[in-house]
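File shown here: entry-v1.pdb, holding PDB, C-alpha atoms.
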ATOM      1  CA  MET A  22      33.853  33.165  27.832
ATOM      2  CA  SER A  23      32.020  36.489  27.854
ATOM      3  CA  GLU A  24      31.638  38.438  24.604
ATOM      4  CA  ALA A  25      34.280  40.968  25.764
ATOM      5  CA  THR A  26      36.748  38.207  26.442
ATOM      6  CA  LYS A  27      35.968  36.354  23.215
ATOM      7  CA  ALA A  28      36.903  39.502  21.344
ATOM      8  CA  LYS A  29      40.357  39.230  22.930
ATOM      9  CA  GLU A  30      40.783  35.555  21.990
ATOM     10  CA  MET A  31      42.874  34.445  19.044
ATOM     11  CA  ASP A  32      41.485  31.737  16.785
ATOM     12  CA  MET A  33      44.451  29.395  16.251
ATOM     13  CA  LEU A  34      42.370  26.757  14.452
ATOM     14  CA  ASN A  35      41.335  28.741  11.386
ATOM     15  CA  GLY A  36      43.112  31.043   8.932
ATOM     16  CA  LYS A  37      46.802  31.792   8.489
ATOM     17  CA  LEU A  38      48.991  30.960  11.479
ATOM     18  CA  ALA A  39      52.267  32.843  10.918
ATOM     19  CA  GLY A  40      51.070  36.270  12.069
ATOM     20  CA  LYS A  41      48.952  34.807  14.857
ATOM     21  CA  LEU A  42      51.887  32.850  16.256
ATOM     22  CA  ILE A  43      53.987  36.015  16.444
ATOM     23  CA  LEU A  44      51.202  38.026  18.107
ATOM     24  CA  PHE A  45      50.578  35.144  20.496
ATOM     25  CA  ALA A  46      54.216  34.501  21.418
ATOM     26  CA  ILE A  47      55.487  38.063  21.918
ATOM     27  CA  PRO A  48      53.362  38.792  25.045
ATOM     28  CA  LEU A  49      54.406  35.434  26.535
ATOM     29  CA  ALA A  50      58.073  36.247  26.013
ATOM     30  CA  PHE A  51      57.707  39.717  27.495
ATOM     31  CA  SER A  52      55.844  38.298  30.509
ATOM     32  CA  SER A  53      58.795  36.040  31.325
ATOM     33  CA  ILE A  54      61.291  38.868  30.798
ATOM     34  CA  LEU A  55      59.332  41.318  32.967
ATOM     35  CA  GLN A  56      59.202  38.850  35.863
ATOM     36  CA  GLN A  57      62.983  38.551  35.746
ATOM     37  CA  LEU A  58      63.313  42.350  35.646
ATOM     38  CA  PHE A  59      61.482  42.777  38.952
ATOM     39  CA  ASN A  60      64.617  41.644  40.772
ATOM     40  CA  SER A  61      66.764  43.783  38.462
ATOM     41  CA  ALA A  62      64.710  46.832  39.436
ATOM     42  CA  ASP A  63      65.386  46.021  43.103
ATOM     43  CA  VAL A  64      69.122  45.844  42.403
ATOM     44  CA  ALA A  65      69.078  49.137  40.505
ATOM     45  CA  VAL A  66      67.230  51.059  43.229
ATOM     46  CA  VAL A  67      69.262  49.822  46.202
ATOM     47  CA  GLY A  68      72.471  50.295  44.233
ATOM     48  CA  ARG A  69      71.605  53.927  43.573
ATOM     49  CA  PHE A  70      69.988  54.939  46.854
ATOM     50  CA  ALA A  71      70.814  52.407  49.614
ATOM     51  CA  GLY A  72      74.559  51.795  49.395
ATOM     52  CA  SER A  73      76.955  49.009  48.534
ATOM     53  CA  ASN A  74      75.969  46.550  51.279
ATOM     54  CA  ALA A  75      72.321  46.566  50.233
ATOM     55  CA  LEU A  76      73.369  46.236  46.600
ATOM     56  CA  ALA A  77      75.564  43.241  47.431
ATOM     57  CA  ALA A  78      72.777  41.636  49.477
ATOM     58  CA  VAL A  79      70.111  41.951  46.798
ATOM     59  CA  GLY A  80      72.540  41.117  43.996
ATOM     60  CA  SER A  81      73.511  37.908  45.786
ATOM     61  CA  CYS A  82      69.907  36.722  45.492
ATOM     62  CA  VAL A  83      69.583  37.170  41.734
ATOM     63  CA  ALA A  84      70.418  33.553  40.900
ATOM     64  CA  LEU A  85      68.142  32.174  43.634
ATOM     65  CA  VAL A  86      65.236  34.324  42.468
ATOM     66  CA  GLY A  87      65.886  33.147  38.917
ATOM     67  CA  ILE A  88      65.607  29.495  39.932
ATOM     68  CA  PHE A  89      62.132  29.947  41.389
ATOM     69  CA  VAL A  90      60.841  32.239  38.639
ATOM     70  CA  ASN A  91      62.054  29.889  35.897
ATOM     71  CA  LEU A  92      60.704  26.834  37.712
ATOM     72  CA  ILE A  93      57.223  28.346  38.074
ATOM     73  CA  VAL A  94      57.155  29.668  34.500
ATOM     74  CA  GLY A  95      58.130  26.207  33.259
ATOM     75  CA  LEU A  96      55.583  24.412  35.430
ATOM     76  CA  ALA A  97      52.867  26.684  33.994
ATOM     77  CA  VAL A  98      53.423  25.031  30.600
ATOM     78  CA  GLY A  99      51.478  22.007  31.888
ATOM     79  CA  PRO A 100      48.264  23.883  32.760
ATOM     80  CA  ASN A 101      48.476  25.841  29.521
ATOM     81  CA  ALA A 102      48.735  22.750  27.330
ATOM     82  CA  ALA A 103      46.154  20.746  29.273
ATOM     83  CA  LEU A 104      43.506  23.470  29.142
ATOM     84  CA  ALA A 105      44.282  24.430  25.530
ATOM     85  CA  ASN A 106      43.765  20.781  24.565
ATOM     86  CA  LEU A 107      40.259  20.792  26.051
ATOM     87  CA  ILE A 108      39.399  24.134  24.468
ATOM     88  CA  GLY A 109      40.684  22.966  21.080
ATOM     89  CA  GLN A 110      38.529  19.824  21.306
ATOM     90  CA  ASN A 111      35.584  21.973  22.470
ATOM     91  CA  LYS A 112      35.096  19.812  25.568
ATOM     92  CA  ARG A 113      33.340  22.591  27.448
ATOM     93  CA  GLU A 114      31.988  20.246  30.112
ATOM     94  CA  LYS A 115      35.574  19.510  31.282
ATOM     95  CA  ILE A 116      36.999  23.031  31.074
ATOM     96  CA  SER A 117      35.648  24.314  34.392
ATOM     97  CA  GLY A 118      37.056  21.371  36.351
ATOM     98  CA  MET A 119      40.443  21.803  34.680
ATOM     99  CA  LEU A 120      40.484  25.563  35.332
ATOM    100  CA  HIS A 121      39.702  25.178  39.036
ATOM    101  CA  THR A 122      42.249  22.372  39.322
ATOM    102  CA  ILE A 123      44.875  24.601  37.695
ATOM    103  CA  LEU A 124      44.296  27.484  40.103
ATOM    104  CA  THR A 125      44.096  25.220  43.162
ATOM    105  CA  PHE A 126      47.293  23.461  42.117
ATOM    106  CA  GLY A 127      48.961  26.845  41.524
ATOM    107  CA  ALA A 128      48.045  28.053  45.015
ATOM    108  CA  VAL A 129      49.276  24.844  46.671
ATOM    109  CA  LEU A 130      52.456  24.869  44.595
ATOM    110  CA  GLY A 131      53.144  28.480  45.569
ATOM    111  CA  ILE A 132      52.809  27.721  49.280
ATOM    112  CA  VAL A 133      55.028  24.632  49.013
ATOM    113  CA  LEU A 134      57.726  26.491  47.066
ATOM    114  CA  MET A 135      57.577  29.351  49.557
ATOM    115  CA  GLY A 136      58.318  26.889  52.360
ATOM    116  CA  VAL A 137      61.100  25.209  50.388
ATOM    117  CA  GLY A 138      62.635  28.582  49.601
ATOM    118  CA  MET A 139      62.558  29.683  53.235
ATOM    119  CA  LEU A 140      64.229  26.479  54.386
ATOM    120  CA  THR A 141      66.932  26.347  51.710
ATOM    121  CA  ALA A 142      67.713  30.075  51.363
ATOM    122  CA  ARG A 143      70.835  30.110  53.535
ATOM    123  CA  THR A 144      72.215  26.920  51.982
ATOM    124  CA  VAL A 145      71.807  28.221  48.431
ATOM    125  CA  LEU A 146      73.229  31.639  49.292
ATOM    126  CA  GLU A 147      76.260  30.011  50.907
ATOM    127  CA  ALA A 148      76.679  27.780  47.845
ATOM    128  CA  SER A 149      76.647  30.859  45.621
ATOM    129  CA  GLY A 150      79.442  32.407  47.691
ATOM    130  CA  THR A 151      77.471  35.181  49.379
ATOM    131  CA  PRO A 152      79.874  37.069  51.702
ATOM    132  CA  GLU A 153      79.135  36.669  55.394
ATOM    133  CA  SER A 154      79.172  40.458  55.753
ATOM    134  CA  VAL A 155      75.970  40.748  53.712
ATOM    135  CA  MET A 156      74.421  37.360  54.527
ATOM    136  CA  ALA A 157      71.950  38.775  57.068
ATOM    137  CA  ASP A 158      70.632  41.387  54.630
ATOM    138  CA  ALA A 159      70.518  38.854  51.795
ATOM    139  CA  LEU A 160      68.501  36.430  53.925
ATOM    140  CA  LEU A 161      66.157  39.228  54.988
ATOM    141  CA  TYR A 162      65.567  40.200  51.361
ATOM    142  CA  ILE A 163      65.034  36.708  50.008
ATOM    143  CA  ARG A 164      62.793  35.539  52.851
ATOM    144  CA  ILE A 165      60.527  38.554  52.402
ATOM    145  CA  TYR A 166      60.617  37.974  48.649
ATOM    146  CA  PHE A 167      59.550  34.361  49.120
ATOM    147  CA  LEU A 168      56.318  35.564  50.742
ATOM    148  CA  GLY A 169      55.313  36.569  47.229
ATOM    149  CA  ILE A 170      55.921  33.131  45.675
ATOM    150  CA  PRO A 171      52.233  32.083  46.021
ATOM    151  CA  ALA A 172      51.233  35.201  44.081
ATOM    152  CA  LEU A 173      53.917  34.497  41.481
ATOM    153  CA  ALA A 174      52.538  30.980  41.003
ATOM    154  CA  LEU A 175      48.925  32.152  40.814
ATOM    155  CA  TYR A 176      49.771  34.808  38.232
ATOM    156  CA  ASN A 177      51.649  32.359  36.006
ATOM    157  CA  PHE A 178      48.981  29.666  36.254
ATOM    158  CA  GLY A 179      46.340  32.300  35.578
ATOM    159  CA  ASN A 180      48.427  33.481  32.641
ATOM    160  CA  ALA A 181      48.401  29.870  31.422
ATOM    161  CA  VAL A 182      44.594  29.913  31.483
ATOM    162  CA  PHE A 183      44.425  33.164  29.512
ATOM    163  CA  SER A 184      46.940  32.036  26.907
ATOM    164  CA  ALA A 185      45.178  28.662  26.512
ATOM    165  CA  ALA A 186      42.125  30.665  25.452
ATOM    166  CA  GLY A 187      44.242  32.728  23.049
ATOM    167  CA  ASP A 188      44.493  35.897  25.163
ATOM    168  CA  THR A 189      48.150  36.646  25.963
ATOM    169  CA  GLY A 190      47.805  40.426  25.969
ATOM    170  CA  ARG A 191      45.669  40.893  29.079
ATOM    171  CA  PRO A 192      48.033  39.165  31.576
ATOM    172  CA  LEU A 193      50.955  41.096  30.070
ATOM    173  CA  ARG A 194      49.146  44.367  30.736
ATOM    174  CA  TYR A 195      48.466  43.274  34.313
ATOM    175  CA  LEU A 196      52.131  42.390  34.760
ATOM    176  CA  PHE A 197      53.254  45.684  33.228
ATOM    177  CA  LEU A 198      51.019  47.562  35.669
ATOM    178  CA  SER A 199      52.430  45.612  38.608
ATOM    179  CA  GLY A 200      55.942  46.392  37.322
ATOM    180  CA  ILE A 201      55.155  50.105  37.516
ATOM    181  CA  VAL A 202      53.857  49.561  41.054
ATOM    182  CA  ASN A 203      57.098  47.749  41.895
ATOM    183  CA  VAL A 204      59.314  50.604  40.734
ATOM    184  CA  ILE A 205      57.219  53.260  42.507
ATOM    185  CA  LEU A 206      57.184  51.302  45.770
ATOM    186  CA  ASN A 207      60.915  50.591  45.477
ATOM    187  CA  LEU A 208      61.616  54.311  45.343
ATOM    188  CA  PHE A 209      59.085  55.080  48.089
ATOM    189  CA  PHE A 210      60.373  52.501  50.570
ATOM    190  CA  VAL A 211      64.053  53.248  49.940
ATOM    191  CA  ILE A 212      64.080  57.031  49.474
ATOM    192  CA  ILE A 213      61.108  58.151  51.590
ATOM    193  CA  CYS A 214      61.021  55.440  54.265
ATOM    194  CA  GLY A 215      64.794  54.969  54.492
ATOM    195  CA  MET A 216      64.610  51.192  54.019
ATOM    196  CA  ALA A 217      67.147  49.127  52.079
ATOM    197  CA  ALA A 218      67.025  45.469  50.979
ATOM    198  CA  ASP A 219      63.854  44.857  52.988
ATOM    199  CA  GLY A 220      62.125  47.796  51.312
ATOM    200  CA  VAL A 221      62.635  46.566  47.752
ATOM    201  CA  ALA A 222      61.632  43.053  48.838
ATOM    202  CA  TRP A 223      58.294  44.323  50.172
ATOM    203  CA  ALA A 224      57.809  46.310  46.965
ATOM    204  CA  SER A 225      58.356  43.152  44.915
ATOM    205  CA  ILE A 226      55.857  40.996  46.764
ATOM    206  CA  ILE A 227      53.194  43.720  46.810
ATOM    207  CA  SER A 228      53.522  44.115  43.048
ATOM    208  CA  GLN A 229      53.350  40.331  42.584
ATOM    209  CA  TYR A 230      50.099  40.189  44.526
ATOM    210  CA  VAL A 231      48.740  43.067  42.417
ATOM    211  CA  SER A 232      49.223  41.063  39.197
ATOM    212  CA  ALA A 233      47.800  37.874  40.746
ATOM    213  CA  ILE A 234      44.740  39.662  42.157
ATOM    214  CA  LEU A 235      44.003  41.347  38.823
ATOM    215  CA  VAL A 236      44.078  37.962  37.075
ATOM    216  CA  ILE A 237      41.788  36.392  39.689
ATOM    217  CA  ILE A 238      39.336  39.310  39.631
ATOM    218  CA  HIS A 239      38.962  39.031  35.873
ATOM    219  CA  MET A 240      38.329  35.286  36.068
ATOM    220  CA  THR A 241      35.609  35.728  38.711
ATOM    221  CA  ARG A 242      33.758  38.045  36.309
ATOM    222  CA  GLU A 243      33.508  35.351  33.649
ATOM    223  CA  LYS A 244      30.135  33.584  33.700
ATOM    224  CA  ASP A 245      30.731  30.532  31.524
ATOM    225  CA  SER A 246      32.997  27.460  31.715
ATOM    226  CA  CYS A 247      36.096  29.677  32.041
ATOM    227  CA  GLY A 248      34.679  31.538  35.024
ATOM    228  CA  LEU A 249      36.186  31.169  38.485
ATOM    229  CA  SER A 250      34.101  30.242  41.522
ATOM    230  CA  PHE A 251      35.929  30.086  44.847
ATOM    231  CA  ARG A 252      33.492  27.420  46.057
ATOM    232  CA  GLU A 253      34.606  25.086  43.264
ATOM    233  CA  LEU A 254      38.339  25.381  43.915
ATOM    234  CA  LYS A 255      39.752  21.899  44.352
ATOM    235  CA  ILE A 256      41.841  19.349  42.473
ATOM    236  CA  TYR A 257      39.376  17.370  40.363
ATOM    237  CA  LYS A 258      39.953  13.666  39.697
ATOM    238  CA  GLY A 259      42.036  12.999  36.603
ATOM    239  CA  ARG A 260      42.813  16.685  35.994
ATOM    240  CA  ALA A 261      46.150  16.952  37.812
ATOM    241  CA  LYS A 262      47.909  14.172  35.858
ATOM    242  CA  PRO A 263      48.205  16.002  32.496
ATOM    243  CA  ILE A 264      49.265  19.175  34.304
ATOM    244  CA  LEU A 265      52.114  17.332  36.043
ATOM    245  CA  MET A 266      53.150  15.238  33.045
ATOM    246  CA  LEU A 267      53.573  18.312  30.866
ATOM    247  CA  GLY A 268      54.629  20.872  33.467
ATOM    248  CA  VAL A 269      57.203  19.058  35.610
ATOM    249  CA  PRO A 270      59.705  18.360  32.772
ATOM    250  CA  ALA A 271      59.399  21.934  31.481
ATOM    251  CA  GLY A 272      59.751  23.348  34.988
ATOM    252  CA  PHE A 273      62.893  21.409  35.805
ATOM    253  CA  GLN A 274      64.375  22.173  32.399
ATOM    254  CA  ASN A 275      63.927  25.886  33.080
ATOM    255  CA  ALA A 276      65.297  25.544  36.599
ATOM    256  CA  VAL A 277      68.439  23.733  35.424
ATOM    257  CA  PHE A 278      69.450  26.730  33.329
ATOM    258  CA  ALA A 279      68.891  28.988  36.343
ATOM    259  CA  VAL A 280      70.914  26.686  38.621
ATOM    260  CA  ALA A 281      73.845  27.106  36.231
ATOM    261  CA  ASN A 282      73.768  30.799  37.060
ATOM    262  CA  LEU A 283      74.687  29.936  40.656
ATOM    263  CA  PHE A 284      78.215  29.154  39.477
ATOM    264  CA  ILE A 285      78.393  32.511  37.718
ATOM    265  CA  GLN A 286      77.005  34.182  40.832
ATOM    266  CA  ARG A 287      79.674  32.494  42.973
ATOM    267  CA  ALA A 288      82.391  33.887  40.702
ATOM    268  CA  VAL A 289      80.855  37.384  40.879
ATOM    269  CA  ASN A 290      80.513  37.222  44.671
ATOM    270  CA  SER A 291      84.201  36.352  44.987
ATOM    271  CA  PHE A 292      84.918  39.939  44.021
TER
END
How would this structure read if it were set down as structure tokens?
Amino acid sequence: MSEATKAKEMDMLNGKLAGKLILFAIPLAFSSILQQLFNSADVAVVGRFAGSNALAAVGSCVALVGIFVNLIVGLAVGPNAALANLIGQNKREKISGMLHTILTFGAVLGIVLMGVGMLTARTVLEASGTPESVMADALLYIRIYFLGIPALALYNFGNAVFSAAGDTGRPLRYLFLSGIVNVILNLFFVIICGMAADGVAWASIISQYVSAILVIIHMTREKDSCGLSFRELKIYKGRAKPILMLGVPAGFQNAVFAVANLFIQRAVNSF
């Protein structure tokens, strides 16, 4: 990596680990929490400024949003571990291929999950007991929200690349900035533009693309093996297997916990 980026890296192979582990883990934890709070910010704004129907519509999607966020965050464990393994072994000749495979896989995964979400949205909302009176608004919100799933996947897979190199602070700052954008746009679309569930959904996906674009821009500025070149984006032979072997179990484990929330959501919606 460049000298500026190396200064941000954390050497996990030498010296005392206790303090480094804490400094490394805290940004990762906050990144996951902040992504969950995006939907909470939507609920808060529509509840305050757009009325009860919009609140019910967005609130009905909380569990569904959680499933996809947790699934993607879990799947990103695979890229993180696979790339960190190569960096730890100093196999620089294989790092570039792994990095481009990770980002290509993230983009493809995001598009696939977006399609799955669009197709299954009504079924999942009905299963969670969403009232028919708010079903149209809930579907509008979640289908707009799903347009941001590719950006959500790219950010998390990019975050995996950063954290594999020991830099967990930079992606957290990007996410924090996009969170501020989300809140500002929520208020703008709802209060100024008079929108409701659709307004906060557009705010969410715009903010998700902000964080993803910031991650990608930084990677394109790197000039060594951890630099991104759009011409080299593809899934390289033998690189996808470790990503899937490590990421799929973690992704489904995360998603199972989120699926459990559907039963809680059904109980809440009954009121």
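Look at region 130-143 of chain A: the protein and nucleic acid residues within 9 Å of it, using only C-alpha atoms and passing over chain neighbours fewer than 4 places away, are Leu85, Phe89, Ile93, Thr125, Phe126, Glu147, Ala148, Met156, Ala159, Leu160, Ile163, Arg164, Phe167, Leu168, Gly169, Ile170, Pro171, Ala172, Leu173, Ala174 and Leu175 of chain A.
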Can I get the selected residues back with C-alpha atoms, as a PDB file, keeping the file's coordinate frame?
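Output contents, as saved in out_23.pdb:
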ATOM      1  CA  LEU A  85      68.142  32.174  43.634  1.00  0.00           C
ATOM      2  CA  PHE A  89      62.132  29.947  41.389  1.00  0.00           C
ATOM      3  CA  ILE A  93      57.223  28.346  38.074  1.00  0.00           C
ATOM      4  CA  THR A 125      44.096  25.220  43.162  1.00  0.00           C
ATOM      5  CA  PHE A 126      47.293  23.461  42.117  1.00  0.00           C
ATOM      6  CA  GLU A 147      76.260  30.011  50.907  1.00  0.00           C
ATOM      7  CA  ALA A 148      76.679  27.780  47.845  1.00  0.00           C
ATOM      8  CA  MET A 156      74.421  37.360  54.527  1.00  0.00           C
ATOM      9  CA  ALA A 159      70.518  38.854  51.795  1.00  0.00           C
ATOM     10  CA  LEU A 160      68.501  36.430  53.925  1.00  0.00           C
ATOM     11  CA  ILE A 163      65.034  36.708  50.008  1.00  0.00           C
ATOM     12  CA  ARG A 164      62.793  35.539  52.851  1.00  0.00           C
ATOM     13  CA  PHE A 167      59.550  34.361  49.120  1.00  0.00           C
ATOM     14  CA  LEU A 168      56.318  35.564  50.742  1.00  0.00           C
ATOM     15  CA  GLY A 169      55.313  36.569  47.229  1.00  0.00           C
ATOM     16  CA  ILE A 170      55.921  33.131  45.675  1.00  0.00           C
ATOM     17  CA  PRO A 171      52.233  32.083  46.021  1.00  0.00           C
ATOM     18  CA  ALA A 172      51.233  35.201  44.081  1.00  0.00           C
ATOM     19  CA  LEU A 173      53.917  34.497  41.481  1.00  0.00           C
ATOM     20  CA  ALA A 174      52.538  30.980  41.003  1.00  0.00           C
ATOM     21  CA  LEU A 175      48.925  32.152  40.814  1.00  0.00           C
TER      22      LEU A 175
END
Written as JSON, numbers by chain, which residues does the PyMOL selection byres ((chain A and resi 90) around 10) give for the file shown? {"A": [53, 56, 57, 84, 85, 86, 87, 88, 89, 91, 92, 93, 94, 95, 96, 170, 173, 174, 177, 272, 275, 276, 279]}
What is the CA of Ala222 (chain A) to CA of Tyr162 (chain A) distance in Å?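 That distance, rounded to one decimal, is 5.5 Å.
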In terms of the shortest atom-to-atom distance over all atoms listed in the file, which of A:Met119, A:Val67, A:Val79, A:Ala62 is closest to Gly259 (chain A)?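 Closest to Gly259 (chain A) of all the choices is A:Met119.
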Can you tell me which residues surround Ile256 (chain A) at a distance of at most 8 Å, considering all atoms listed in the file, apart from same-chain residues fewer than 3 positions away, and format the answer as a compact mmCIF listing (two decimals) with C-alpha atoms, in the coordinates of the input?
# COMPACT_ATOMS: atom_id res chain seq x y z
CA HIS A 121 39.70 25.18 39.04
CA THR A 122 42.25 22.37 39.32
CA ILE A 123 44.88 24.60 37.70
CA THR A 125 44.10 25.22 43.16
CA PHE A 126 47.29 23.46 42.12
CA ARG A 260 42.81 16.68 35.99
CA ALA A 261 46.15 16.95 37.81
Kindly provide, as number ranges by chain, the polymer residues lying within 6 Å of (61.1, 47.5, 46.3), counting only C-alpha atoms and using the coordinates exactly as they appear in the file. A: 63, 203, 206-207, 220-225
Those residues you just picked out, can you put them in a file as a compact mmCIF listing (two decimals), in the frame of the given file with C-alpha atoms?
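Contents of the output file selection_16.txt:
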# COMPACT_ATOMS: atom_id res chain seq x y z
CA ASP A 63 65.39 46.02 43.10
CA ASN A 203 57.10 47.75 41.90
CA LEU A 206 57.18 51.30 45.77
CA ASN A 207 60.92 50.59 45.48
CA GLY A 220 62.12 47.80 51.31
CA VAL A 221 62.64 46.57 47.75
CA ALA A 222 61.63 43.05 48.84
CA TRP A 223 58.29 44.32 50.17
CA ALA A 224 57.81 46.31 46.96
CA SER A 225 58.36 43.15 44.92
Write out as a Markdown table a residue-level contact list of region 194-285 of chain A versus region 101-105 of chain A with cut-off 10 Å: for each qualifying residue the closest pair of atoms and the distance in Å to one decimal, counting all atoms listed in the file, rows sorted by chain and residue number upward.
| residue | atom | partner | partner_atom | distance |
| --- | --- | --- | --- | --- |
| A:Arg260 | CA | A:Ala103 | CA | 8.5 |
| A:Ala261 | CA | A:Ala103 | CA | 9.3 |
| A:Lys262 | CA | A:Ala103 | CA | 9.5 |
| A:Pro263 | CA | A:Ala103 | CA | 6.1 |
| A:Ile264 | CA | A:Ala103 | CA | 6.1 |
| A:Leu265 | CA | A:Ala103 | CA | 9.6 |
| A:Met266 | CA | A:Ala103 | CA | 9.7 |
| A:Leu267 | CA | A:Ala102 | CA | 7.5 |
| A:Gly268 | CA | A:Ala102 | CA | 8.7 |
For Asp219 (chain A), the closest of A:Ala157, A:Leu198, A:Ile234, A:Cys247 counting all atoms listed in the file is A:Ala157
